[in-house]
$ cat input37.tsv   # TSV, C-alpha atoms and all ligand atoms
chain	number	residue	atom	x	y	z
F	354	MET	CA	5.63	124.85	-33.70
F	355	ALA	CA	5.31	121.78	-31.53
F	356	LEU	CA	4.21	122.21	-27.94
F	357	SER	CA	7.25	120.24	-26.73
F	358	HIS	CA	9.42	122.92	-28.28
F	359	ILE	CA	7.60	125.64	-26.34
F	360	GLU	CA	7.78	123.55	-23.16
F	361	HIS	CA	11.49	123.20	-23.66
F	362	LEU	CA	11.92	126.95	-24.09
F	363	ALA	CA	9.81	127.55	-20.96
F	364	ARG	CA	12.01	125.18	-18.94
F	365	GLN	CA	15.17	126.89	-20.19
F	366	ILE	CA	13.71	130.26	-19.19
F	367	GLN	CA	12.79	128.89	-15.75
F	368	ALA	CA	16.38	127.70	-15.41
F	369	GLY	CA	17.47	131.29	-16.06
F	370	ASP	CA	19.15	130.65	-19.40
F	371	ARG	CA	19.90	134.10	-20.85
F	372	ARG	CA	19.54	133.25	-24.50
F	373	SER	CA	16.19	131.61	-23.88
F	374	VAL	CA	15.03	134.64	-21.89
F	375	ALA	CA	16.01	136.87	-24.82
F	376	ARG	CA	14.24	134.61	-27.29
F	377	GLY	CA	11.12	134.39	-25.18
F	378	LEU	CA	10.93	138.17	-24.92
F	379	THR	CA	11.16	138.45	-28.69
F	380	TRP	CA	8.23	136.06	-29.00
F	381	ILE	CA	6.24	138.04	-26.51
F	382	GLU	CA	6.96	141.30	-28.31
F	383	SER	CA	5.67	139.92	-31.57
F	384	GLY	CA	2.61	138.34	-29.96
F	385	GLY	CA	0.42	135.61	-31.40
F	386	GLN	CA	-0.14	131.98	-30.55
F	387	HIS	CA	3.43	131.04	-29.62
F	388	ALA	CA	3.61	133.96	-27.26
F	389	GLU	CA	0.37	132.92	-25.58
F	390	ALA	CA	1.44	129.27	-25.30
F	391	LEU	CA	4.74	130.33	-23.77
F	392	SER	CA	3.07	132.72	-21.31
F	393	GLU	CA	0.72	129.91	-20.30
F	394	GLN	CA	3.65	127.63	-19.52
F	395	LEU	CA	5.38	130.31	-17.46
F	396	TYR	CA	2.44	131.76	-15.57
F	397	PRO	CA	2.40	129.26	-12.65
F	398	SER	CA	5.99	130.18	-11.79
F	399	THR	CA	5.40	133.94	-11.64
F	400	GLY	CA	4.37	136.25	-8.81
F	401	ARG	CA	7.65	136.04	-6.89
F	402	ALA	CA	9.57	139.09	-8.03
F	403	HIS	CA	9.28	142.60	-6.66
F	404	VAL	CA	8.18	144.66	-9.66
F	405	VAL	CA	9.15	148.31	-9.44
F	406	GLY	CA	8.04	150.93	-11.96
F	407	ILE	CA	10.30	153.91	-12.57
F	408	THR	CA	8.56	156.75	-14.33
F	409	GLY	CA	8.86	160.49	-14.92
F	410	SER	CA	9.37	163.03	-17.68
F	411	ALA	CA	11.90	162.59	-20.47
F	412	GLY	CA	15.48	163.19	-19.40
F	413	VAL	CA	14.97	163.41	-15.64
F	414	GLY	CA	17.49	160.60	-15.13
F	415	LYS	CA	15.35	157.46	-14.97
F	416	SER	CA	17.91	155.27	-16.74
F	417	THR	CA	20.80	156.59	-14.66
F	418	LEU	CA	18.81	155.93	-11.47
F	419	THR	CA	17.78	152.49	-12.71
F	420	ARG	CA	21.42	151.62	-13.26
F	421	GLY	CA	22.17	152.77	-9.72
F	422	LEU	CA	19.35	150.67	-8.28
F	423	VAL	CA	20.61	147.63	-10.20
F	424	ARG	CA	24.02	148.09	-8.55
F	425	GLN	CA	22.42	148.38	-5.11
F	426	ALA	CA	20.47	145.18	-5.70
F	427	ARG	CA	23.53	143.33	-6.97
F	428	ALA	CA	25.56	144.48	-3.96
F	429	ARG	CA	22.87	142.78	-1.84
F	430	GLY	CA	23.10	139.60	-3.89
F	431	ARG	CA	19.78	139.99	-5.64
F	432	THR	CA	19.23	139.29	-9.32
F	433	VAL	CA	17.59	141.94	-11.49
F	434	GLY	CA	15.62	142.24	-14.70
F	435	VAL	CA	15.23	145.62	-16.39
F	436	LEU	CA	12.62	146.50	-18.99
F	437	ALA	CA	13.18	149.91	-20.53
F	438	ILE	CA	9.99	150.62	-22.37
F	439	ASP	CA	10.47	153.04	-25.19
F	440	PRO	CA	7.26	154.89	-25.84
F	441	SER	CA	8.64	156.76	-28.82
F	442	SER	CA	7.36	156.09	-32.29
F	443	PRO	CA	8.92	153.21	-34.21
F	444	PHE	CA	10.72	155.86	-36.25
F	445	SER	CA	13.11	156.99	-33.54
F	446	GLY	CA	15.23	154.33	-31.94
F	447	GLY	CA	17.60	156.91	-30.43
F	448	SER	CA	16.94	156.49	-26.76
F	449	ILE	CA	17.06	152.69	-26.90
F	450	LEU	CA	20.60	152.90	-28.17
F	451	GLY	CA	21.37	155.56	-25.59
F	452	ASP	CA	20.10	153.39	-22.76
F	453	ARG	CA	22.09	150.48	-24.02
F	454	ILE	CA	25.31	152.43	-24.07
F	455	ARG	CA	24.70	153.94	-20.65
F	456	MET	CA	23.92	150.56	-19.12
F	457	ASN	CA	26.83	148.89	-20.85
F	458	ASP	CA	28.69	147.86	-17.71
F	459	LEU	CA	25.69	145.86	-16.55
F	460	TRP	CA	25.34	143.83	-19.74
F	461	GLN	CA	28.30	141.69	-18.68
F	462	ASP	CA	26.73	140.64	-15.34
F	463	ASP	CA	24.95	137.27	-15.37
F	464	GLY	CA	22.65	138.31	-12.53
F	465	VAL	CA	21.23	141.16	-14.62
F	466	PHE	CA	19.06	141.02	-17.70
F	467	ILE	CA	18.27	144.25	-19.54
F	468	ARG	CA	15.88	144.66	-22.39
F	469	SER	CA	14.54	147.66	-24.27
F	470	MET	CA	11.10	147.20	-25.71
F	471	ALA	CA	9.70	149.52	-28.34
F	472	THR	CA	6.19	148.19	-28.31
F	473	ARG	CA	4.26	151.29	-29.22
F	474	GLY	CA	2.48	150.66	-32.47
F	475	ALA	CA	2.76	146.90	-32.14
F	476	LEU	CA	-0.49	145.00	-32.40
F	477	GLY	CA	-2.07	144.93	-29.00
F	478	GLY	CA	-0.08	147.89	-27.76
F	479	LEU	CA	2.27	148.59	-24.92
F	480	SER	CA	0.09	147.45	-22.08
F	481	HIS	CA	-0.42	143.97	-23.54
F	482	ALA	CA	3.18	142.93	-24.06
F	483	THR	CA	4.55	144.46	-20.86
F	484	PRO	CA	2.87	142.23	-18.24
F	485	ASP	CA	3.88	139.12	-20.19
F	486	ALA	CA	7.44	140.39	-20.43
F	487	ILE	CA	7.47	141.06	-16.66
F	488	ASP	CA	6.12	137.54	-16.09
F	489	LEU	CA	8.87	136.06	-18.22
F	490	LEU	CA	11.62	137.80	-16.22
F	491	ASP	CA	9.84	136.79	-13.02
F	492	ALA	CA	9.67	133.14	-14.15
F	493	SER	CA	13.37	133.28	-15.02
F	494	GLY	CA	14.05	133.82	-11.32
F	495	LYS	CA	14.85	137.54	-11.16
F	496	ASP	CA	14.29	138.85	-7.62
F	497	LEU	CA	13.72	142.44	-8.68
F	498	ILE	CA	12.24	143.73	-11.93
F	499	LEU	CA	12.64	147.40	-12.79
F	500	VAL	CA	10.36	148.79	-15.48
F	501	GLU	CA	11.30	152.20	-16.88
F	502	THR	CA	8.76	154.27	-18.82
F	503	VAL	CA	8.29	157.92	-19.61
F	504	GLY	CA	4.96	158.75	-18.05
F	505	VAL	CA	3.58	160.58	-21.04
F	506	GLY	CA	0.37	158.86	-22.00
F	507	GLN	CA	-2.35	156.72	-20.56
F	508	ASP	CA	-0.56	153.63	-21.83
F	509	GLU	CA	2.51	154.42	-19.76
F	510	VAL	CA	0.42	155.15	-16.70
F	511	ASP	CA	-1.37	151.83	-17.25
F	512	VAL	CA	1.95	150.00	-17.35
F	513	MET	CA	2.56	151.17	-13.80
F	514	ARG	CA	-0.45	149.13	-12.71
F	515	PHE	CA	1.71	146.06	-13.16
F	516	ALA	CA	4.22	147.29	-10.59
F	517	GLN	CA	3.96	146.78	-6.86
F	518	THR	CA	6.04	149.87	-6.17
F	519	VAL	CA	6.08	153.00	-8.34
F	520	ILE	CA	8.98	155.44	-8.15
F	521	LEU	CA	8.26	158.84	-9.68
F	522	VAL	CA	11.41	160.66	-10.74
F	523	SER	CA	11.39	164.46	-10.95
F	524	ALA	CA	14.14	166.96	-11.62
F	525	PRO	CA	14.50	170.65	-10.73
F	526	GLY	CA	13.62	173.24	-13.33
F	527	LEU	CA	10.74	171.27	-14.72
F	528	GLY	CA	7.99	173.13	-12.90
F	529	ASP	CA	5.58	172.92	-15.77
F	530	ASP	CA	6.24	169.25	-16.10
F	531	ILE	CA	5.30	168.68	-12.53
F	532	GLN	CA	2.02	170.41	-13.20
F	533	ALA	CA	1.46	168.27	-16.26
F	534	LEU	CA	2.32	165.09	-14.44
F	535	LYS	CA	0.32	165.96	-11.38
F	536	ALA	CA	-2.96	164.47	-12.48
F	537	GLY	CA	-1.85	161.03	-13.56
F	538	LEU	CA	1.48	160.22	-12.02
F	539	VAL	CA	1.69	161.86	-8.62
F	540	GLU	CA	-1.38	159.86	-7.67
F	541	ILE	CA	0.26	156.54	-8.39
F	542	ALA	CA	3.70	157.30	-6.90
F	543	ASP	CA	4.75	155.27	-3.86
F	544	VAL	CA	8.18	156.89	-3.64
F	545	HIS	CA	9.22	160.30	-4.99
F	546	VAL	CA	12.76	161.10	-5.91
F	547	VAL	CA	14.08	164.47	-7.00
F	548	ASN	CA	17.07	163.62	-9.14
F	549	LYS	CA	19.74	166.09	-10.29
F	550	ALA	CA	19.88	167.45	-6.77
F	551	ASP	CA	23.20	168.97	-7.83
F	552	ARG	CA	21.20	171.57	-9.74
F	553	ASP	CA	19.51	174.74	-8.55
F	554	GLY	CA	15.91	174.43	-7.46
F	555	ALA	CA	16.06	170.83	-6.23
F	556	ALA	CA	14.95	171.78	-2.71
F	557	ARG	CA	12.00	173.70	-4.12
F	558	THR	CA	10.92	170.80	-6.32
F	559	ALA	CA	11.14	168.48	-3.32
F	560	GLY	CA	9.10	170.97	-1.30
F	561	ASP	CA	6.42	171.15	-3.99
F	562	LEU	CA	6.16	167.38	-4.10
F	563	ALA	CA	6.03	167.09	-0.32
F	564	ALA	CA	3.21	169.67	-0.30
F	565	MET	CA	1.32	167.64	-2.89
F	566	VAL	CA	1.75	164.46	-0.83
F	567	ALA	CA	0.58	166.31	2.29
F	568	MET	CA	-2.57	167.46	0.51
F	569	THR	CA	-3.55	163.89	-0.29
F	570	PRO	CA	-5.64	162.36	2.49
F	571	HIS	CA	-4.00	159.36	4.18
F	572	GLY	CA	-5.38	156.94	6.73
F	573	ALA	CA	-3.47	156.11	9.92
F	574	ASN	CA	-2.01	152.89	8.54
F	575	ASP	CA	-1.51	154.11	5.00
F	576	TRP	CA	1.86	154.35	3.35
F	577	ILE	CA	2.86	157.98	2.93
F	578	PRO	CA	5.05	158.42	-0.13
F	579	PRO	CA	8.45	159.75	0.96
F	580	VAL	CA	10.26	162.43	-1.07
F	581	LYS	CA	13.95	161.61	-1.52
F	582	SER	CA	16.76	163.41	-3.33
F	583	ALA	CA	19.46	161.93	-5.51
F	584	VAL	CA	22.34	162.73	-7.81
F	585	ALA	CA	22.15	159.60	-9.92
F	586	LEU	CA	25.11	160.68	-12.01
F	587	ARG	CA	27.35	160.51	-8.92
F	588	ASP	CA	25.51	157.58	-7.31
F	589	GLU	CA	24.37	159.78	-4.42
F	590	GLY	CA	21.14	159.00	-2.61
F	591	ILE	CA	20.62	155.73	-4.45
F	592	ASP	CA	21.13	153.52	-1.40
F	593	ALA	CA	18.48	155.53	0.49
F	594	LEU	CA	16.13	155.21	-2.48
F	595	TYR	CA	16.71	151.47	-2.53
F	596	GLU	CA	15.89	151.29	1.17
F	597	GLU	CA	12.60	153.15	0.61
F	598	MET	CA	11.72	150.69	-2.14
F	599	GLN	CA	12.31	147.84	0.30
F	600	LYS	CA	10.33	149.55	3.05
F	601	HIS	CA	7.42	149.96	0.69
F	602	LEU	CA	7.50	146.26	-0.13
F	603	ASP	CA	7.56	145.45	3.60
F	604	HIS	CA	4.56	147.73	4.08
F	605	LEU	CA	2.71	145.98	1.23
F	606	ASN	CA	3.42	142.62	2.83
F	607	THR	CA	2.45	143.49	6.38
F	608	SER	CA	-0.64	145.55	5.54
F	609	GLY	CA	-2.21	143.05	3.16
F	610	GLU	CA	-2.02	145.68	0.43
F	611	LEU	CA	0.16	143.39	-1.72
F	612	ARG	CA	-2.71	140.98	-2.22
F	613	ARG	CA	-5.05	143.86	-3.05
F	614	ARG	CA	-2.60	145.21	-5.65
F	615	ARG	CA	-2.12	141.80	-7.20
F	616	ARG	CA	-5.89	141.46	-7.35
F	617	ARG	CA	-6.15	144.81	-9.11
F	618	THR	CA	-3.45	143.81	-11.57
F	619	ALA	CA	-5.22	140.51	-12.23
F	620	GLU	CA	-8.45	142.34	-12.91
F	621	ALA	CA	-6.81	144.83	-15.27
F	622	ARG	CA	-5.13	142.02	-17.20
F	623	VAL	CA	-8.26	139.91	-17.50
F	624	LEU	CA	-10.35	142.85	-18.67
F	625	GLY	CA	-7.61	144.00	-21.05
F	626	ALA	CA	-7.36	140.52	-22.58
F	627	ALA	CA	-11.14	140.24	-22.83
F	628	GLN	CA	-11.28	143.55	-24.67
F	629	ALA	CA	-8.52	142.53	-27.05
F	630	PHE	CA	-10.20	139.16	-27.75
F	631	LEU	CA	-13.50	140.79	-28.36
F	632	SER	CA	-12.30	143.48	-30.71
F	633	ALA	CA	-10.30	140.91	-32.68
F	634	ALA	CA	-13.33	138.64	-32.91
F	635	LEU	CA	-15.58	141.50	-33.95
F	636	ARG	CA	-13.18	142.51	-36.70
F	637	SER	CA	-12.67	138.99	-37.96
F	638	PRO	CA	-14.11	138.23	-41.39
F	639	ILE	CA	-15.95	135.17	-40.06
F	640	SER	CA	-18.20	137.11	-37.76
F	641	GLN	CA	-19.03	139.52	-40.56
F	642	ARG	CA	-20.12	136.92	-43.04
F	643	ASP	CA	-23.61	136.36	-44.44
F	644	GLN	CA	-26.14	137.15	-41.76
F	645	VAL	CA	-24.22	140.06	-40.33
F	646	GLU	CA	-24.12	141.85	-43.68
F	647	GLU	CA	-27.87	141.60	-43.70
F	648	TRP	CA	-28.06	143.02	-40.18
F	649	PHE	CA	-26.11	146.09	-41.25
F	650	ASP	CA	-28.59	146.60	-44.07
F	651	ARG	CA	-31.40	146.43	-41.57
F	652	VAL	CA	-29.69	149.11	-39.49
F	653	VAL	CA	-29.51	151.30	-42.64
F	654	ASP	CA	-33.20	150.63	-43.29
F	655	ARG	CA	-34.04	151.61	-39.70
F	656	ALA	CA	-35.42	148.13	-39.04
F	657	LEU	CA	-32.80	147.53	-36.33
F	658	THR	CA	-31.09	150.01	-34.03
F	659	PRO	CA	-27.27	150.10	-33.94
F	660	ARG	CA	-27.30	149.01	-30.28
F	661	ALA	CA	-29.64	146.08	-30.86
F	662	CYS	CA	-27.44	145.03	-33.77
F	663	ALA	CA	-24.34	145.28	-31.59
F	664	ARG	CA	-25.96	143.00	-28.98
F	665	ALA	CA	-26.86	140.47	-31.64
F	666	LEU	CA	-23.30	140.60	-32.96
F	667	LEU	CA	-21.84	140.01	-29.48
F	668	ARG	CA	-24.17	137.07	-28.90
F	669	ARG	CA	-23.06	135.60	-32.16
F	670	VAL	CA	-19.38	136.08	-31.46
F	671	GLY	CA	-19.82	134.35	-28.10
F	672	ARG	CA	-21.81	131.47	-29.59
F	673	ASP	CA	-19.37	130.86	-32.42
F	674	GLY	CA	-16.59	130.47	-29.89
F	675	GLN	CA	-14.32	132.68	-31.91
F	676	VAL	CA	-13.29	134.85	-29.03
F	677	GLY	CA	-9.56	134.75	-28.48
F	678	GLN	CA	-8.93	132.47	-31.42
F	679	GLU	CA	-7.18	135.07	-33.47
F	680	GLY	CA	-5.20	138.22	-33.17
F	681	ARG	CA	-2.98	139.13	-30.33
F	682	THR	CA	-3.89	137.98	-26.88
M	1	LIG	N1	23.34	167.02	-13.42
M	1	LIG	C1	22.86	165.79	-13.41
M	1	LIG	N2	22.61	165.15	-14.55
M	1	LIG	C2	22.10	163.91	-14.50
M	1	LIG	C3	21.83	163.26	-13.27
M	1	LIG	N3	21.34	162.03	-13.53
M	1	LIG	C4	21.29	161.91	-14.86
M	1	LIG	N4	21.76	163.04	-15.46
M	1	LIG	C5	21.87	163.30	-16.90
M	1	LIG	O1	20.62	163.56	-17.46
M	1	LIG	C6	20.55	163.06	-18.79
M	1	LIG	C7	19.37	162.12	-18.92
M	1	LIG	O2	19.58	160.98	-18.11
M	1	LIG	P1	18.80	159.61	-18.36
M	1	LIG	O3	19.16	158.71	-17.24
M	1	LIG	O4	19.01	159.12	-19.72
M	1	LIG	O5	17.32	160.13	-18.23
M	1	LIG	P2	15.98	159.36	-18.61
M	1	LIG	O6	14.94	159.91	-17.72
M	1	LIG	O7	16.20	157.90	-18.59
M	1	LIG	O8	15.76	159.83	-20.09
M	1	LIG	P3	14.71	159.23	-21.16
M	1	LIG	O9	14.72	157.74	-21.02
M	1	LIG	O10	15.25	159.69	-22.47
M	1	LIG	O11	13.40	159.87	-20.82
M	1	LIG	C8	21.88	162.36	-19.04
M	1	LIG	O12	22.71	163.24	-19.75
M	1	LIG	C9	22.40	162.09	-17.66
M	1	LIG	O13	23.80	162.04	-17.62
M	1	LIG	C10	22.13	163.96	-12.05
M	1	LIG	O14	21.93	163.49	-10.95
M	1	LIG	N5	22.63	165.22	-12.18
M	2	MG	MG	15.83	156.40	-20.08
$ encode --input "input37.tsv" --output "structure tokens"
Amino acid sequence: MALSHIEHLARQIQAGDRRSVARGLTWIESGGQHAEALSEQLYPSTGRAHVVGITGSAGVGKSTLTRGLVRQARARGRTVGVLAIDPSSPFSGGSILGDRIRMNDLWQDDGVFIRSMATRGALGGLSHATPDAIDLLDASGKDLILVETVGVGQDEVDVMRFAQTVILVSAPGLGDDIQALKAGLVEIADVHVVNKADRDGAARTAGDLAAMVAMTPHGANDWIPPVKSAVALRDEGIDALYEEMQKHLDHLNTSGELRRRRRRTAEARVLGAAQAFLSAALRSPISQRDQVEEWFDRVVDRALTPRACARALLRRVGRDGQVGQEGRT
């Protein structure tokens, strides 16, 4: 594909053209050279949106809350992009369809762009496609980008690194879940919300969370994650949640923490890309040709240690300039 074609698509995306945004996201999901060329074109016009991660156990009401937050943003005249990341196996597409139906009313609004991504199992994995997809929505001019994931695995926790604000959704009656989530997710939450506050036990869940927050040491100028309640189904508590999200962004801006978070994100992306390049290069047939075969034999014959061989292989990969030339970036 000619570069001018990619440049054209990038310009259309920057102009906010919906069909181009949809097409660009499809490219990014499938990865490869076109995706990288497109991301390169878009990168200079990113870094403007407020990226908010919405995570929590399955069924706590993340999508319902997301829909509510979209409405709050729209009422304030802000444009919104939503990425609902489906961590389920490629075999079950159920919840994508569910999300689509539940968010149906928002699909008609030009100021909103919603996309479900089932990237688990795709080459490069969840955490590689997501930041590029966020960038694309950012470049298309969306003021707010909401990223929904079930916080089940390390991949989903990693995705939250790309957000400036993380909202952790809990629901009453999921005591064990809270325990399970404690290690990974409570740590990264900037705002807690106990959804389904219409159900028994909501006050207790909120109390447990508040106790956990209180146990975490905080400096005098640190942000202390608030614990809010909501009934997303009835649109209750969503405006207060939106306000907390805004307050957190203000805190990031005034404290200098925003720059530090962006720096951390940059580092994670660079290292992630370097790892992906390297493993692709190491697996490529070119780097395994001739000499390398002989090296492996020498390892078998105890003439070379596995580590020394690995160093030689890395030197060779670097010298051949193959790094990043193939595979997903
Ligand atoms: N009682 C009650 N039910 C709710 C509330 N919010 C959402 N629900 C219901 O809970 C179920 C799950 O809601 P979703 O918004 O799909 O939850 P989710 O966390 O996005 O689910 P997954 O994406 O599948 O993990 C739906 O049947 C909702 O109608 C609430 O405030 N109260
Ligand atoms: Mg959902």
$ closest_residue --input "input37.tsv" --among "F:Arg612, F:Arg468, F:Arg660, F:Arg669" --to "Leu378 (chain F)" --atoms "all atoms listed in the file"
F:Arg468
$ atom_distance --input "input37.tsv" --atom1 "atom MG of ligand MG 2 (chain M)" --atom2 "CA of Lys415 (chain F)"
5.2 Å
$ residues_near_ligand --input "input37.tsv" --ligand "ligand LIG 1 (chain M)" --cutoff "7 Å" --atoms "only C-alpha atoms and all ligand atoms" --output "short mmCIF file (atom, residue, chain, number, x, y, z; two decimals) with C-alpha atoms, in the coordinates of the input"
data_model
loop_
_atom_site.label_atom_id
_atom_site.label_comp_id
_atom_site.auth_asym_id
_atom_site.auth_seq_id
_atom_site.Cartn_x
_atom_site.Cartn_y
_atom_site.Cartn_z
CA GLY F 409 8.86 160.49 -14.92
CA SER F 410 9.37 163.03 -17.68
CA ALA F 411 11.90 162.59 -20.47
CA GLY F 412 15.48 163.19 -19.40
CA VAL F 413 14.97 163.41 -15.64
CA GLY F 414 17.49 160.60 -15.13
CA LYS F 415 15.35 157.46 -14.97
CA SER F 416 17.91 155.27 -16.74
CA THR F 417 20.80 156.59 -14.66
CA LEU F 418 18.81 155.93 -11.47
CA SER F 448 16.94 156.49 -26.76
CA ASP F 452 20.10 153.39 -22.76
CA VAL F 503 8.29 157.92 -19.61
CA ASN F 548 17.07 163.62 -9.14
CA LYS F 549 19.74 166.09 -10.29
CA ALA F 550 19.88 167.45 -6.77
CA ASP F 551 23.20 168.97 -7.83
CA ARG F 552 21.20 171.57 -9.74
CA ALA F 583 19.46 161.93 -5.51
CA VAL F 584 22.34 162.73 -7.81
CA ALA F 585 22.15 159.60 -9.92
CA LEU F 586 25.11 160.68 -12.01
CA ARG F 587 27.35 160.51 -8.92
#
$ residues_around --input "input37.tsv" --residues "Ala563 (chain F)" --least-positions-apart "6" --cutoff "10 Å" --atoms "only C-alpha atoms" --output "list of chain:residue names"
F:His545, F:Arg557, F:Pro578, F:Pro579, F:Val580, F:Lys581
$ closest_residue --input "input37.tsv" --among "F:Leu667, F:Val645, F:Ala661, F:Leu436" --to "ligand MG 2 (chain M)" --atoms "all atoms listed in the file"
F:Leu436
$ residues_around --input "input37.tsv" --residues "region 395-407 of chain F" --least-positions-apart "5" --cutoff "6 Å" --atoms "only C-alpha atoms" --output "ChimeraX atom specification"
/F:488,491-492,496-501,513,516-520
$ write_last_selection --input "input37.tsv" --atoms "C-alpha atoms" --output "PDB file, keeping the file's coordinate frame"
ATOM      1  CA  ASP F 488       6.120 137.540 -16.090  1.00  0.00           C
ATOM      2  CA  ASP F 491       9.840 136.790 -13.020  1.00  0.00           C
ATOM      3  CA  ALA F 492       9.670 133.140 -14.150  1.00  0.00           C
ATOM      4  CA  ASP F 496      14.290 138.850  -7.620  1.00  0.00           C
ATOM      5  CA  LEU F 497      13.720 142.440  -8.680  1.00  0.00           C
ATOM      6  CA  ILE F 498      12.240 143.730 -11.930  1.00  0.00           C
ATOM      7  CA  LEU F 499      12.640 147.400 -12.790  1.00  0.00           C
ATOM      8  CA  VAL F 500      10.360 148.790 -15.480  1.00  0.00           C
ATOM      9  CA  GLU F 501      11.300 152.200 -16.880  1.00  0.00           C
ATOM     10  CA  MET F 513       2.560 151.170 -13.800  1.00  0.00           C
ATOM     11  CA  ALA F 516       4.220 147.290 -10.590  1.00  0.00           C
ATOM     12  CA  GLN F 517       3.960 146.780  -6.860  1.00  0.00           C
ATOM     13  CA  THR F 518       6.040 149.870  -6.170  1.00  0.00           C
ATOM     14  CA  VAL F 519       6.080 153.000  -8.340  1.00  0.00           C
ATOM     15  CA  ILE F 520       8.980 155.440  -8.150  1.00  0.00           C
TER      16      ILE F 520
END
$ atom_distance --input "input37.tsv" --atom1 "CA of Lys495 (chain F)" --atom2 "CA of Asp462 (chain F)"
13.0 Å
$ closest_residue --input "input37.tsv" --among "F:Pro525, F:Thr379, F:Ala629, F:Ile438" --to "ligand MG 2 (chain M)" --atoms "all atoms listed in the file"
F:Ile438
$ atom_distance --input "input37.tsv" --atom1 "CA of Ala363 (chain F)" --atom2 "CA of Ile381 (chain F)"
12.4 Å
$ closest_residue --input "input37.tsv" --among "F:Thr502, F:Glu610, F:Pro484, F:Leu489" --to "ligand MG 2 (chain M)" --atoms "only C-alpha atoms and all ligand atoms"
F:Thr502
$ closest_residue --input "input37.tsv" --among "F:Ala390, F:Ala437, F:Ile366, F:Asn606" --to "ligand MG 2 (chain M)" --atoms "only C-alpha atoms and all ligand atoms"
F:Ala437
$ residues_around --input "input37.tsv" --residues "Asp575 (chain F)" --least-positions-apart "5" --cutoff "10 Å" --atoms "all atoms listed in the file" --output "MDAnalysis selection string"
chainID F and resid 570 604:605 608 610
$ closest_residue --input "input37.tsv" --among "F:Arg429, F:His481, F:Arg636, F:His387" --to "Arg622 (chain F)" --atoms "only C-alpha atoms"
F:His481
$ residues_around --input "input37.tsv" --residues "Val547 (chain F)" --least-positions-apart "6" --cutoff "7 Å" --atoms "only C-alpha atoms" --output "list in words"
Val522, Ser523, Ala524, Ala555, Ala559, Lys581, Ser582 and Ala583 of chain F
